[in-house]
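Chemist: I'd like to ask you about the structure that follows.
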Amino acid sequence: MSHLGERVSALVDGELNHHERERALAHLTFCADCRSEVEAMRALKGRLRALPGPSMPTDLTMSLLRMGEPGGPLPPRMRPFPDGSSQEKSAPAFGGVSLPGPYSFAPVDNRPRRGVGFGLTGPGRGQRSSTRRKVGYVAAGVASAAVAIGTLFVVGGSDPKPVVPPVEMFKQQHNTTVPYGTPASAVPRP
Amino acid sequence: MSRLPTAAVASAAVLLLVLAVTGGSAHAAAPDDNETDDSGLALLRQAAGAARAESYYGTQFVTSWSPHGSVSSLIEITSTPGLGMTVRPTVTDPEASGTLERVDPASPAGGLVAPQDEMIDVMARNYQVVAAGGGQVCGRPSSVVHVVRPGGADAARYWIDDASGVILRREILDGRGRLASASAFIDFRSTAAAPKIAAATDTSVYAAPDVLALQAKGWTFPSVLPGRLELFSASEAEGGYLRLGYSDGLSVISVFVQPGTLDEEGLGGWRSERRGGHTIWVRDSVEQELIWASGGHVYTVFTDAPADMVDAAVAALPHDPEPGVWERLGRGAQAVFAWVNPFE
Ligand SMILES: [Zn+2]
């Protein structure tokens, strides 16, 4: 893979699509040159936009000087990323060589085990509810059916409330969990 | 977001090569036959201490693999004794959370590089933790520790910096020995210890979750999940949801349970998958994120565990149909009967 070249800017701005980004990041793992380009570009954009941010050890001056140099020819623009849609999923080709994917998954038997083992229910539910329900019907049968049905609907409540999980809050709680310890207090910077 | 799994898998394969090349000789090193006991435990415990005591910064590459491909991020880490870590994404990522400050190195956000003693105990119960010779990470001599499954396959590998004692690289492998996640410093600087802020001594003692109290409130939940996952915390939050934490000593699975049905319209950025006849909502992230509805409850799972472990754990959690008219009638009858028979 050639250097990131002009894609550095798009990477810093978050404008690359998922697999372009993945490959650019993979390149950064072994290319210190492009890493420093990314650092410099980010610092430059940060200054231009006067965005607040923690100052990291980036030699901005040197980077700017280097960017100002006429320099040699730009690295050849990278071939567009392989088009995933035209290739077999199980045999991704890279550089003309087929590489085994890290995952070649057999379908996992994902069926839930009903009735035994790992039951998880909330308040007012659980295994007792089926027996209780039968007894409940007997009790209800004592009363006038119409009245009972009405009562049961009221007590049972209407449809459970539709909820959207507060995923960012949950994610934050997961990420700051200290297993077997006391909760930490990681603070996201606004 | 457009997804091209093939390219993602290709880049994952490239990264595998990269990691293999930069990982030094550790992979090639033959396991020491003399090291049949938990010879790596002391190293890991020291590393946990070093992550809190040492002052360092660097750039870390984090990747996770799933059947759908790979997701990577490049983060900058600054660790200061007493203040925890600052974790900042290097490049803008609309999916990633922003900068985190005062991150505990024992938390998933801190890369679980300073696990509590109890977590290392759990690791030692579930796996064999062996010293596996020396290696290198970003040019620094390191001690390698392998966490081995009973069958002999690696469940995790750690590279511990000989100079600072900090974990420089951490790999989690799935049941088939494939990389599930890897985080590795590609640039690491151990900084001179600044005027040491007295690190707050953690005097708190780990207390097991009060399962009985939650059961008395009507919650029931498994204390273990497949894959050697044990419950380390369970609590009812103020918002009326249940929060559960499971771990095998290596990974963490957080399960959030809310009463209600799932408002699928509100799930922007999530996509649905059919698994075992059930609809599961997932999102692309370095960690695995899953949402589903079951029997009047909504389950949300966040985890850094390997995909096969997550699949088994999720399959073991409830996937019941949504409550219909008859179930609501039953619930009402149950409540009525409770009035009729107060001794029930
Ligand atoms: Zn480069």
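The way I read the labels, and the way they are meant: chains A, B, ... in the order of the structure tokens, residue 1 as the first residue of every chain, and ligand 1 as the first ligand shown, with later ones counted on from there.
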Residues contacting ligand 1 - anything with an atom at most 9 Å away, using only C-alpha atoms and all ligand atoms - can you give me those as an MDAnalysis selection string?
Modeler: chainID A and resid 1:5 24 27:28 30:35 37
Chemist: Given the selection you just returned, output its residues as a file containing all heavy atoms, formatted as a short mmCIF file (atom, residue, chain, number, x, y, z; two decimals), in the first residue's frame.
Modeler:
```cif
data_model
loop_
_atom_site.label_atom_id
_atom_site.label_comp_id
_atom_site.auth_asym_id
_atom_site.auth_seq_id
_atom_site.Cartn_x
_atom_site.Cartn_y
_atom_site.Cartn_z
N MET A 1 0.86 -1.19 0.00
CA MET A 1 0.00 0.00 0.00
C MET A 1 0.89 1.24 0.00
O MET A 1 1.83 1.35 0.78
CB MET A 1 -0.88 0.01 1.25
CG MET A 1 -1.87 1.13 1.30
SD MET A 1 -2.95 0.94 2.73
CE MET A 1 -3.99 2.38 2.56
N SER A 2 0.60 2.16 -0.91
CA SER A 2 1.38 3.39 -0.97
C SER A 2 0.96 4.30 0.17
O SER A 2 0.02 4.01 0.91
CB SER A 2 1.16 4.08 -2.31
OG SER A 2 -0.22 4.32 -2.49
N HIS A 3 1.64 5.42 0.30
CA HIS A 3 1.34 6.32 1.40
C HIS A 3 -0.07 6.90 1.25
O HIS A 3 -0.66 6.87 0.18
CB HIS A 3 2.37 7.44 1.46
CG HIS A 3 3.72 6.94 1.88
ND1 HIS A 3 3.95 6.39 3.12
CD2 HIS A 3 4.90 6.90 1.22
CE1 HIS A 3 5.22 6.02 3.21
NE2 HIS A 3 5.81 6.31 2.07
N LEU A 4 -0.55 7.45 2.32
CA LEU A 4 -1.93 7.94 2.31
C LEU A 4 -2.10 9.16 1.41
O LEU A 4 -3.17 9.37 0.84
CB LEU A 4 -2.38 8.28 3.73
CG LEU A 4 -2.44 7.09 4.70
CD1 LEU A 4 -2.93 7.56 6.05
CD2 LEU A 4 -3.34 6.00 4.15
N GLY A 5 -1.04 9.96 1.33
CA GLY A 5 -1.11 11.13 0.43
C GLY A 5 -2.28 12.03 0.78
O GLY A 5 -2.50 12.40 1.94
N ALA A 24 -6.70 2.65 5.78
CA ALA A 24 -5.83 3.78 6.11
C ALA A 24 -5.24 3.60 7.51
O ALA A 24 -4.05 3.80 7.74
CB ALA A 24 -6.61 5.09 6.02
N HIS A 27 -2.60 1.03 7.53
CA HIS A 27 -1.36 1.58 7.00
C HIS A 27 -0.61 2.36 8.08
O HIS A 27 0.61 2.29 8.20
CB HIS A 27 -1.66 2.46 5.79
CG HIS A 27 -0.44 3.13 5.22
ND1 HIS A 27 0.45 2.48 4.40
CD2 HIS A 27 0.06 4.39 5.38
CE1 HIS A 27 1.44 3.30 4.08
NE2 HIS A 27 1.22 4.48 4.66
N LEU A 28 -1.37 3.08 8.88
CA LEU A 28 -0.74 3.91 9.91
C LEU A 28 -0.01 3.07 10.95
O LEU A 28 0.89 3.57 11.62
CB LEU A 28 -1.80 4.78 10.61
CG LEU A 28 -2.39 5.91 9.77
CD1 LEU A 28 -3.44 6.65 10.57
CD2 LEU A 28 -1.30 6.88 9.33
N PHE A 30 2.11 0.80 10.52
CA PHE A 30 3.52 0.56 10.23
C PHE A 30 4.18 1.72 9.50
O PHE A 30 5.34 1.63 9.14
CB PHE A 30 3.70 -0.75 9.44
CG PHE A 30 2.96 -0.81 8.14
CD1 PHE A 30 3.48 -0.21 7.00
CD2 PHE A 30 1.74 -1.47 8.05
CE1 PHE A 30 2.80 -0.28 5.81
CE2 PHE A 30 1.06 -1.52 6.86
CZ PHE A 30 1.58 -0.94 5.73
N CYS A 31 3.45 2.80 9.25
CA CYS A 31 4.06 3.91 8.54
C CYS A 31 4.12 5.15 9.44
O CYS A 31 3.12 5.86 9.60
CB CYS A 31 3.28 4.23 7.25
SG CYS A 31 4.11 5.53 6.30
N ALA A 32 5.28 5.35 10.01
CA ALA A 32 5.45 6.50 10.91
C ALA A 32 5.34 7.81 10.13
O ALA A 32 4.88 8.82 10.68
CB ALA A 32 6.80 6.41 11.62
N ASP A 33 5.72 7.80 8.86
CA ASP A 33 5.63 9.01 8.05
C ASP A 33 4.18 9.48 7.95
O ASP A 33 3.88 10.65 8.18
CB ASP A 33 6.17 8.76 6.63
CG ASP A 33 7.70 8.67 6.64
OD1 ASP A 33 8.30 9.05 7.67
OD2 ASP A 33 8.27 8.24 5.63
N CYS A 34 3.32 8.57 7.60
CA CYS A 34 1.92 8.96 7.45
C CYS A 34 1.30 9.30 8.81
O CYS A 34 0.43 10.16 8.91
CB CYS A 34 1.12 7.85 6.76
SG CYS A 34 1.42 7.79 4.98
N ARG A 35 1.77 8.62 9.85
CA ARG A 35 1.28 8.98 11.19
C ARG A 35 1.60 10.43 11.51
O ARG A 35 0.77 11.17 12.03
CB ARG A 35 1.90 8.05 12.24
CG ARG A 35 1.18 6.75 12.41
CD ARG A 35 1.26 6.23 13.84
NE ARG A 35 2.60 6.07 14.35
CZ ARG A 35 3.40 5.04 14.09
NH1 ARG A 35 2.97 4.08 13.31
NH2 ARG A 35 4.60 4.97 14.61
N GLU A 37 2.14 12.71 9.36
CA GLU A 37 1.31 13.55 8.49
C GLU A 37 -0.07 13.76 9.12
O GLU A 37 -0.61 14.85 9.12
CB GLU A 37 1.14 12.88 7.12
CG GLU A 37 2.38 12.94 6.23
CD GLU A 37 2.72 14.35 5.79
OE1 GLU A 37 1.79 15.18 5.72
OE2 GLU A 37 3.89 14.63 5.55
#
```
Chemist: Tell me, as a short mmCIF file (atom, residue, chain, number, x, y, z; two decimals) with all heavy atoms, in the first residue's frame, which residues lie within 9 Å of range 244-256 of chain B, counting only C-alpha atoms; anything in the same chain fewer than 2 positions away does not count.
Modeler:
```
data_model
loop_
_atom_site.label_atom_id
_atom_site.label_comp_id
_atom_site.auth_asym_id
_atom_site.auth_seq_id
_atom_site.Cartn_x
_atom_site.Cartn_y
_atom_site.Cartn_z
N PRO A 165 -33.59 2.07 23.99
CA PRO A 165 -32.54 2.02 25.02
C PRO A 165 -31.63 3.25 24.93
O PRO A 165 -31.28 3.67 23.83
CB PRO A 165 -31.76 0.74 24.66
CG PRO A 165 -32.66 -0.06 23.82
CD PRO A 165 -33.54 0.91 23.09
N PHE A 170 -25.72 3.55 28.28
CA PHE A 170 -25.34 2.17 28.56
C PHE A 170 -23.90 1.91 28.14
O PHE A 170 -23.14 1.25 28.85
CB PHE A 170 -26.28 1.20 27.82
CG PHE A 170 -27.66 1.10 28.41
CD1 PHE A 170 -28.67 0.43 27.75
CD2 PHE A 170 -27.95 1.66 29.65
CE1 PHE A 170 -29.94 0.32 28.28
CE2 PHE A 170 -29.22 1.57 30.20
CZ PHE A 170 -30.22 0.88 29.50
N LYS A 171 -23.54 2.42 26.97
CA LYS A 171 -22.19 2.21 26.47
C LYS A 171 -21.16 2.82 27.42
O LYS A 171 -20.14 2.21 27.74
CB LYS A 171 -22.06 2.84 25.08
CG LYS A 171 -20.72 2.67 24.43
CD LYS A 171 -20.72 3.23 23.01
CE LYS A 171 -19.39 2.98 22.33
NZ LYS A 171 -19.48 3.18 20.87
N GLN A 173 -21.61 3.33 30.57
CA GLN A 173 -21.57 2.53 31.79
C GLN A 173 -20.74 1.26 31.58
O GLN A 173 -19.99 0.85 32.46
CB GLN A 173 -22.99 2.18 32.24
CG GLN A 173 -23.73 3.40 32.78
CD GLN A 173 -25.10 3.04 33.33
OE1 GLN A 173 -25.53 1.89 33.30
NE2 GLN A 173 -25.81 4.04 33.83
N HIS A 174 -20.91 0.65 30.41
CA HIS A 174 -20.11 -0.55 30.12
C HIS A 174 -18.63 -0.19 30.08
O HIS A 174 -17.80 -0.87 30.69
CB HIS A 174 -20.52 -1.15 28.78
CG HIS A 174 -19.52 -2.12 28.23
ND1 HIS A 174 -19.33 -3.39 28.76
CD2 HIS A 174 -18.62 -2.01 27.22
CE1 HIS A 174 -18.37 -4.00 28.09
NE2 HIS A 174 -17.91 -3.19 27.16
N THR A 177 -17.07 0.40 33.44
CA THR A 177 -17.17 -0.65 34.45
C THR A 177 -15.78 -1.12 34.86
O THR A 177 -14.93 -1.35 34.02
CB THR A 177 -17.93 -1.86 33.86
OG1 THR A 177 -19.26 -1.49 33.59
CG2 THR A 177 -17.94 -3.02 34.84
N PRO A 179 -14.51 -4.28 36.42
CA PRO A 179 -14.96 -5.60 36.88
C PRO A 179 -14.32 -5.93 38.22
O PRO A 179 -13.12 -5.73 38.40
CB PRO A 179 -14.45 -6.55 35.79
CG PRO A 179 -14.21 -5.68 34.59
CD PRO A 179 -13.82 -4.34 35.13
N PRO B 108 -13.04 -1.39 30.59
CA PRO B 108 -12.93 -1.62 29.15
C PRO B 108 -12.39 -0.40 28.40
O PRO B 108 -11.58 -0.54 27.49
CB PRO B 108 -14.37 -1.94 28.74
CG PRO B 108 -14.97 -2.56 29.96
CD PRO B 108 -14.36 -1.80 31.11
N LEU B 112 -8.59 -2.63 29.87
CA LEU B 112 -8.49 -3.71 30.86
C LEU B 112 -7.03 -4.07 31.13
O LEU B 112 -6.69 -5.24 31.27
CB LEU B 112 -9.27 -4.95 30.37
CG LEU B 112 -10.77 -4.79 30.18
CD1 LEU B 112 -11.34 -5.97 29.42
CD2 LEU B 112 -11.48 -4.66 31.52
N PRO B 115 -6.31 -5.09 35.51
CA PRO B 115 -7.44 -5.79 36.13
C PRO B 115 -7.29 -5.90 37.64
O PRO B 115 -6.17 -6.01 38.16
CB PRO B 115 -7.43 -7.17 35.46
CG PRO B 115 -6.11 -7.30 34.80
CD PRO B 115 -5.61 -5.92 34.54
N GLU B 118 -9.21 -9.67 41.89
CA GLU B 118 -10.27 -10.67 41.80
C GLU B 118 -10.48 -11.11 40.35
O GLU B 118 -10.77 -12.27 40.08
CB GLU B 118 -11.59 -10.12 42.36
CG GLU B 118 -11.61 -9.95 43.86
CD GLU B 118 -10.97 -8.65 44.32
OE1 GLU B 118 -10.42 -7.90 43.46
OE2 GLU B 118 -11.00 -8.36 45.53
N MET B 119 -10.31 -10.17 39.41
CA MET B 119 -10.50 -10.53 38.00
C MET B 119 -9.37 -11.45 37.54
O MET B 119 -9.60 -12.40 36.79
CB MET B 119 -10.56 -9.27 37.14
CG MET B 119 -10.93 -9.59 35.69
SD MET B 119 -11.41 -8.10 34.82
CE MET B 119 -11.67 -8.71 33.15
N ILE B 120 -8.17 -11.18 38.02
CA ILE B 120 -7.06 -12.06 37.66
C ILE B 120 -7.26 -13.44 38.29
O ILE B 120 -6.93 -14.46 37.70
CB ILE B 120 -5.72 -11.41 38.10
CG1 ILE B 120 -5.50 -10.10 37.32
CG2 ILE B 120 -4.55 -12.36 37.85
CD1 ILE B 120 -4.23 -9.36 37.68
N ASP B 121 -7.85 -13.46 39.50
CA ASP B 121 -8.18 -14.75 40.11
C ASP B 121 -9.15 -15.54 39.24
O ASP B 121 -8.99 -16.75 39.05
CB ASP B 121 -8.82 -14.54 41.50
CG ASP B 121 -7.82 -13.97 42.51
OD1 ASP B 121 -6.60 -14.05 42.24
OD2 ASP B 121 -8.26 -13.45 43.55
N VAL B 122 -10.16 -14.84 38.71
CA VAL B 122 -11.13 -15.50 37.85
C VAL B 122 -10.44 -16.02 36.59
O VAL B 122 -10.69 -17.15 36.13
CB VAL B 122 -12.27 -14.53 37.48
CG1 VAL B 122 -13.20 -15.15 36.44
CG2 VAL B 122 -13.05 -14.14 38.72
N MET B 123 -9.55 -15.20 36.03
CA MET B 123 -8.79 -15.63 34.86
C MET B 123 -8.02 -16.92 35.18
O MET B 123 -8.02 -17.87 34.39
CB MET B 123 -7.81 -14.51 34.48
CG MET B 123 -7.08 -14.72 33.18
SD MET B 123 -5.69 -13.58 32.98
CE MET B 123 -6.47 -11.98 33.09
N ALA B 124 -7.40 -16.93 36.37
CA ALA B 124 -6.58 -18.09 36.75
C ALA B 124 -7.45 -19.33 37.00
O ALA B 124 -7.00 -20.45 36.77
CB ALA B 124 -5.76 -17.76 38.00
N ARG B 125 -8.69 -19.10 37.44
CA ARG B 125 -9.59 -20.24 37.63
C ARG B 125 -10.00 -20.84 36.29
O ARG B 125 -10.16 -22.03 36.15
CB ARG B 125 -10.86 -19.78 38.36
CG ARG B 125 -10.75 -19.82 39.87
CD ARG B 125 -12.11 -20.02 40.54
NE ARG B 125 -13.10 -19.00 40.22
CZ ARG B 125 -13.15 -17.81 40.84
NH1 ARG B 125 -12.28 -17.50 41.76
NH2 ARG B 125 -14.10 -16.94 40.51
N ASN B 126 -10.21 -19.97 35.30
CA ASN B 126 -10.74 -20.43 34.02
C ASN B 126 -9.65 -20.87 33.04
O ASN B 126 -9.92 -21.67 32.15
CB ASN B 126 -11.55 -19.32 33.36
CG ASN B 126 -12.89 -19.10 34.05
OD1 ASN B 126 -13.46 -20.05 34.59
ND2 ASN B 126 -13.39 -17.87 34.03
N TYR B 127 -8.48 -20.30 33.19
CA TYR B 127 -7.42 -20.56 32.21
C TYR B 127 -6.10 -20.79 32.92
O TYR B 127 -5.94 -20.47 34.10
CB TYR B 127 -7.27 -19.36 31.26
CG TYR B 127 -8.55 -18.93 30.57
CD1 TYR B 127 -9.29 -17.84 31.05
CD2 TYR B 127 -9.03 -19.63 29.46
CE1 TYR B 127 -10.45 -17.45 30.42
CE2 TYR B 127 -10.20 -19.24 28.83
CZ TYR B 127 -10.91 -18.14 29.32
OH TYR B 127 -12.07 -17.75 28.70
N ALA B 155 -6.30 -18.29 24.72
CA ALA B 155 -7.49 -17.44 24.84
C ALA B 155 -7.09 -15.97 24.81
O ALA B 155 -7.88 -15.10 24.47
CB ALA B 155 -8.26 -17.76 26.11
N ALA B 156 -5.85 -15.71 25.20
CA ALA B 156 -5.35 -14.32 25.20
C ALA B 156 -3.84 -14.33 25.24
O ALA B 156 -3.22 -15.33 25.66
CB ALA B 156 -5.91 -13.55 26.40
N ILE B 172 -7.05 -10.93 22.26
CA ILE B 172 -8.06 -11.87 22.73
C ILE B 172 -8.43 -12.76 21.54
O ILE B 172 -8.67 -12.26 20.44
CB ILE B 172 -9.32 -11.13 23.24
CG1 ILE B 172 -8.95 -10.18 24.39
CG2 ILE B 172 -10.39 -12.12 23.68
CD1 ILE B 172 -8.51 -10.84 25.66
N PHE B 221 -32.20 -13.80 36.81
CA PHE B 221 -31.15 -13.71 35.79
C PHE B 221 -30.11 -14.77 36.08
O PHE B 221 -29.95 -15.21 37.22
CB PHE B 221 -30.51 -12.32 35.78
CG PHE B 221 -30.16 -11.82 37.14
CD1 PHE B 221 -28.93 -12.13 37.72
CD2 PHE B 221 -31.06 -11.05 37.88
CE1 PHE B 221 -28.61 -11.68 38.99
CE2 PHE B 221 -30.74 -10.60 39.15
CZ PHE B 221 -29.51 -10.92 39.70
N SER B 223 -26.62 -16.59 36.84
CA SER B 223 -25.39 -16.19 37.51
C SER B 223 -24.17 -16.63 36.71
O SER B 223 -23.05 -16.22 37.00
CB SER B 223 -25.32 -16.76 38.92
OG SER B 223 -25.44 -18.16 38.88
N VAL B 224 -24.40 -17.49 35.72
CA VAL B 224 -23.32 -17.81 34.78
C VAL B 224 -23.90 -17.82 33.37
O VAL B 224 -25.09 -18.02 33.17
CB VAL B 224 -22.67 -19.20 35.06
CG1 VAL B 224 -21.91 -19.20 36.36
CG2 VAL B 224 -23.73 -20.29 35.04
N LEU B 225 -23.05 -17.58 32.40
CA LEU B 225 -23.42 -17.69 31.00
C LEU B 225 -22.40 -18.62 30.34
O LEU B 225 -21.29 -18.79 30.86
CB LEU B 225 -23.39 -16.31 30.32
CG LEU B 225 -24.54 -15.36 30.67
CD1 LEU B 225 -24.29 -13.97 30.08
CD2 LEU B 225 -25.87 -15.91 30.17
N GLY B 227 -19.43 -20.10 28.25
CA GLY B 227 -18.12 -19.49 27.97
C GLY B 227 -17.43 -19.06 29.25
O GLY B 227 -16.64 -18.13 29.25
N ARG B 228 -17.76 -19.72 30.38
CA ARG B 228 -17.09 -19.44 31.67
C ARG B 228 -17.36 -18.02 32.14
O ARG B 228 -16.55 -17.44 32.87
CB ARG B 228 -15.59 -19.64 31.55
CG ARG B 228 -15.20 -21.01 31.07
CD ARG B 228 -13.82 -21.00 30.45
NE ARG B 228 -13.52 -22.33 29.91
CZ ARG B 228 -12.98 -23.30 30.62
NH1 ARG B 228 -12.67 -23.10 31.88
NH2 ARG B 228 -12.76 -24.47 30.10
N LEU B 229 -18.45 -17.45 31.70
CA LEU B 229 -18.77 -16.09 32.11
C LEU B 229 -19.52 -16.13 33.43
O LEU B 229 -20.54 -16.80 33.55
CB LEU B 229 -19.62 -15.39 31.05
CG LEU B 229 -18.91 -15.07 29.75
CD1 LEU B 229 -19.91 -14.79 28.65
CD2 LEU B 229 -17.99 -13.87 29.95
N GLU B 230 -19.00 -15.42 34.42
CA GLU B 230 -19.68 -15.38 35.70
C GLU B 230 -20.13 -13.96 36.01
O GLU B 230 -19.53 -12.99 35.55
CB GLU B 230 -18.79 -15.93 36.81
CG GLU B 230 -17.53 -15.12 37.04
CD GLU B 230 -16.77 -15.59 38.28
OE1 GLU B 230 -16.38 -16.78 38.33
OE2 GLU B 230 -16.60 -14.78 39.19
N LEU B 231 -21.19 -13.89 36.77
CA LEU B 231 -21.76 -12.59 37.14
C LEU B 231 -20.87 -11.92 38.17
O LEU B 231 -20.61 -12.47 39.23
CB LEU B 231 -23.16 -12.83 37.71
CG LEU B 231 -24.01 -11.61 38.04
CD1 LEU B 231 -24.54 -10.97 36.76
CD2 LEU B 231 -25.17 -12.00 38.95
N PHE B 232 -20.38 -10.71 37.87
CA PHE B 232 -19.60 -10.01 38.89
C PHE B 232 -20.34 -8.81 39.46
O PHE B 232 -20.00 -8.32 40.52
CB PHE B 232 -18.22 -9.59 38.37
CG PHE B 232 -18.23 -8.56 37.26
CD1 PHE B 232 -18.41 -7.22 37.55
CD2 PHE B 232 -18.08 -8.95 35.95
CE1 PHE B 232 -18.42 -6.27 36.54
CE2 PHE B 232 -18.09 -8.01 34.92
CZ PHE B 232 -18.26 -6.66 35.22
N SER B 233 -21.37 -8.33 38.74
CA SER B 233 -22.18 -7.27 39.33
C SER B 233 -23.60 -7.33 38.80
O SER B 233 -23.83 -7.74 37.66
CB SER B 233 -21.57 -5.89 39.04
OG SER B 233 -21.80 -5.52 37.71
N ALA B 234 -24.54 -6.95 39.64
CA ALA B 234 -25.94 -6.90 39.26
C ALA B 234 -26.59 -5.83 40.12
O ALA B 234 -26.45 -5.83 41.33
CB ALA B 234 -26.63 -8.25 39.49
N SER B 235 -27.24 -4.88 39.46
CA SER B 235 -27.87 -3.83 40.24
C SER B 235 -29.06 -3.27 39.48
O SER B 235 -29.10 -3.30 38.25
CB SER B 235 -26.87 -2.71 40.54
OG SER B 235 -26.35 -2.20 39.33
N GLU B 236 -30.02 -2.77 40.24
CA GLU B 236 -31.18 -2.11 39.64
C GLU B 236 -30.88 -0.62 39.66
O GLU B 236 -30.61 -0.04 40.72
CB GLU B 236 -32.43 -2.43 40.45
CG GLU B 236 -33.70 -2.02 39.74
CD GLU B 236 -34.93 -2.45 40.53
OE1 GLU B 236 -34.87 -2.46 41.78
OE2 GLU B 236 -35.96 -2.78 39.89
N TYR B 241 -34.03 0.04 35.30
CA TYR B 241 -33.48 -1.05 34.50
C TYR B 241 -32.48 -1.85 35.32
O TYR B 241 -31.96 -1.39 36.33
CB TYR B 241 -32.84 -0.51 33.21
CG TYR B 241 -31.67 0.43 33.43
CD1 TYR B 241 -30.36 -0.06 33.50
CD2 TYR B 241 -31.86 1.81 33.53
CE1 TYR B 241 -29.29 0.79 33.68
CE2 TYR B 241 -30.79 2.67 33.71
CZ TYR B 241 -29.51 2.15 33.79
OH TYR B 241 -28.45 3.00 33.97
N LEU B 242 -32.25 -3.07 34.85
CA LEU B 242 -31.32 -3.96 35.51
C LEU B 242 -29.99 -3.91 34.76
O LEU B 242 -29.96 -3.93 33.53
CB LEU B 242 -31.87 -5.38 35.48
CG LEU B 242 -31.06 -6.49 36.18
CD1 LEU B 242 -31.01 -6.26 37.68
CD2 LEU B 242 -31.65 -7.86 35.86
N GLN B 258 -34.41 -3.57 30.32
CA GLN B 258 -35.43 -2.55 30.60
C GLN B 258 -36.80 -3.17 30.38
O GLN B 258 -37.00 -3.89 29.42
CB GLN B 258 -35.34 -1.39 29.61
CG GLN B 258 -34.11 -0.54 29.67
CD GLN B 258 -34.10 0.40 28.46
OE1 GLN B 258 -33.66 0.01 27.40
NE2 GLN B 258 -34.60 1.62 28.64
N VAL B 298 -36.53 -5.24 27.08
CA VAL B 298 -35.56 -4.91 26.05
C VAL B 298 -34.16 -5.14 26.60
O VAL B 298 -33.83 -4.68 27.70
CB VAL B 298 -35.71 -3.44 25.59
CG1 VAL B 298 -34.62 -3.07 24.58
CG2 VAL B 298 -37.10 -3.23 24.98
N TYR B 299 -33.38 -5.91 25.86
CA TYR B 299 -32.02 -6.27 26.28
C TYR B 299 -31.02 -5.51 25.43
O TYR B 299 -31.12 -5.48 24.21
CB TYR B 299 -31.79 -7.78 26.09
CG TYR B 299 -32.66 -8.61 27.00
CD1 TYR B 299 -34.00 -8.87 26.67
CD2 TYR B 299 -32.17 -9.13 28.19
CE1 TYR B 299 -34.81 -9.61 27.50
CE2 TYR B 299 -32.98 -9.88 29.02
CZ TYR B 299 -34.30 -10.11 28.69
OH TYR B 299 -35.11 -10.83 29.52
N THR B 300 -30.06 -4.88 26.10
CA THR B 300 -28.97 -4.19 25.40
C THR B 300 -27.66 -4.76 25.92
O THR B 300 -27.45 -4.84 27.13
CB THR B 300 -29.02 -2.68 25.65
OG1 THR B 300 -30.32 -2.20 25.27
CG2 THR B 300 -27.97 -1.95 24.81
N VAL B 301 -26.81 -5.18 25.00
CA VAL B 301 -25.54 -5.82 25.38
C VAL B 301 -24.37 -5.05 24.77
O VAL B 301 -24.38 -4.72 23.59
CB VAL B 301 -25.50 -7.29 24.90
CG1 VAL B 301 -24.09 -7.87 25.04
CG2 VAL B 301 -26.48 -8.14 25.68
N PHE B 302 -23.40 -4.73 25.60
CA PHE B 302 -22.12 -4.18 25.14
C PHE B 302 -21.02 -5.11 25.61
O PHE B 302 -21.02 -5.54 26.76
CB PHE B 302 -21.87 -2.78 25.73
CG PHE B 302 -22.73 -1.72 25.12
CD1 PHE B 302 -23.94 -1.37 25.68
CD2 PHE B 302 -22.32 -1.09 23.96
CE1 PHE B 302 -24.74 -0.40 25.11
CE2 PHE B 302 -23.10 -0.10 23.38
CZ PHE B 302 -24.31 0.24 23.96
N THR B 303 -20.09 -5.41 24.73
CA THR B 303 -19.02 -6.33 25.13
C THR B 303 -17.82 -6.23 24.23
O THR B 303 -17.92 -5.84 23.07
CB THR B 303 -19.53 -7.79 25.14
OG1 THR B 303 -18.45 -8.65 25.55
CG2 THR B 303 -19.98 -8.21 23.77
N ASP B 304 -16.66 -6.60 24.80
CA ASP B 304 -15.43 -6.71 24.03
C ASP B 304 -15.06 -8.18 23.84
O ASP B 304 -13.96 -8.49 23.41
CB ASP B 304 -14.29 -5.99 24.76
CG ASP B 304 -14.05 -6.56 26.17
OD1 ASP B 304 -14.99 -7.16 26.73
OD2 ASP B 304 -12.94 -6.42 26.70
N ALA B 305 -15.97 -9.08 24.17
CA ALA B 305 -15.68 -10.51 24.10
C ALA B 305 -15.68 -10.99 22.65
O ALA B 305 -16.28 -10.36 21.78
CB ALA B 305 -16.71 -11.30 24.91
N PRO B 306 -15.03 -12.13 22.38
CA PRO B 306 -15.06 -12.67 21.02
C PRO B 306 -16.48 -12.98 20.56
O PRO B 306 -17.35 -13.31 21.37
CB PRO B 306 -14.24 -13.97 21.14
CG PRO B 306 -13.38 -13.78 22.34
CD PRO B 306 -14.18 -12.91 23.28
N VAL B 310 -19.93 -14.20 22.52
CA VAL B 310 -21.09 -13.33 22.61
C VAL B 310 -22.32 -14.05 22.06
O VAL B 310 -23.40 -14.01 22.65
CB VAL B 310 -20.85 -12.02 21.83
CG1 VAL B 310 -22.08 -11.12 21.91
CG2 VAL B 310 -19.63 -11.30 22.39
N ALA B 313 -23.54 -16.46 24.61
CA ALA B 313 -24.13 -15.79 25.76
C ALA B 313 -25.49 -15.19 25.41
O ALA B 313 -26.45 -15.32 26.17
CB ALA B 313 -23.18 -14.70 26.26
#
```
Chemist: I want to know what sits within 7 Å of Ala153 in chain B, based on only C-alpha atoms, with residues of the same chain fewer than 3 positions away left out; could you give that as a ChimeraX atom specification?
Modeler: /B:148-149,177
Chemist: Let's have the selection written as a compact mmCIF listing (two decimals), in the first residue's frame, with N, CA and C atoms.
Modeler:
```
# COMPACT_ATOMS: atom_id res chain seq x y z
N VAL B 148 -4.15 -19.67 28.50
CA VAL B 148 -4.39 -20.88 27.72
C VAL B 148 -5.68 -21.57 28.17
N ARG B 149 -6.48 -21.99 27.18
CA ARG B 149 -7.70 -22.75 27.47
C ARG B 149 -7.33 -24.17 27.90
N GLY B 177 -9.24 -20.06 18.11
CA GLY B 177 -7.87 -19.56 18.04
C GLY B 177 -7.69 -18.41 17.09
```
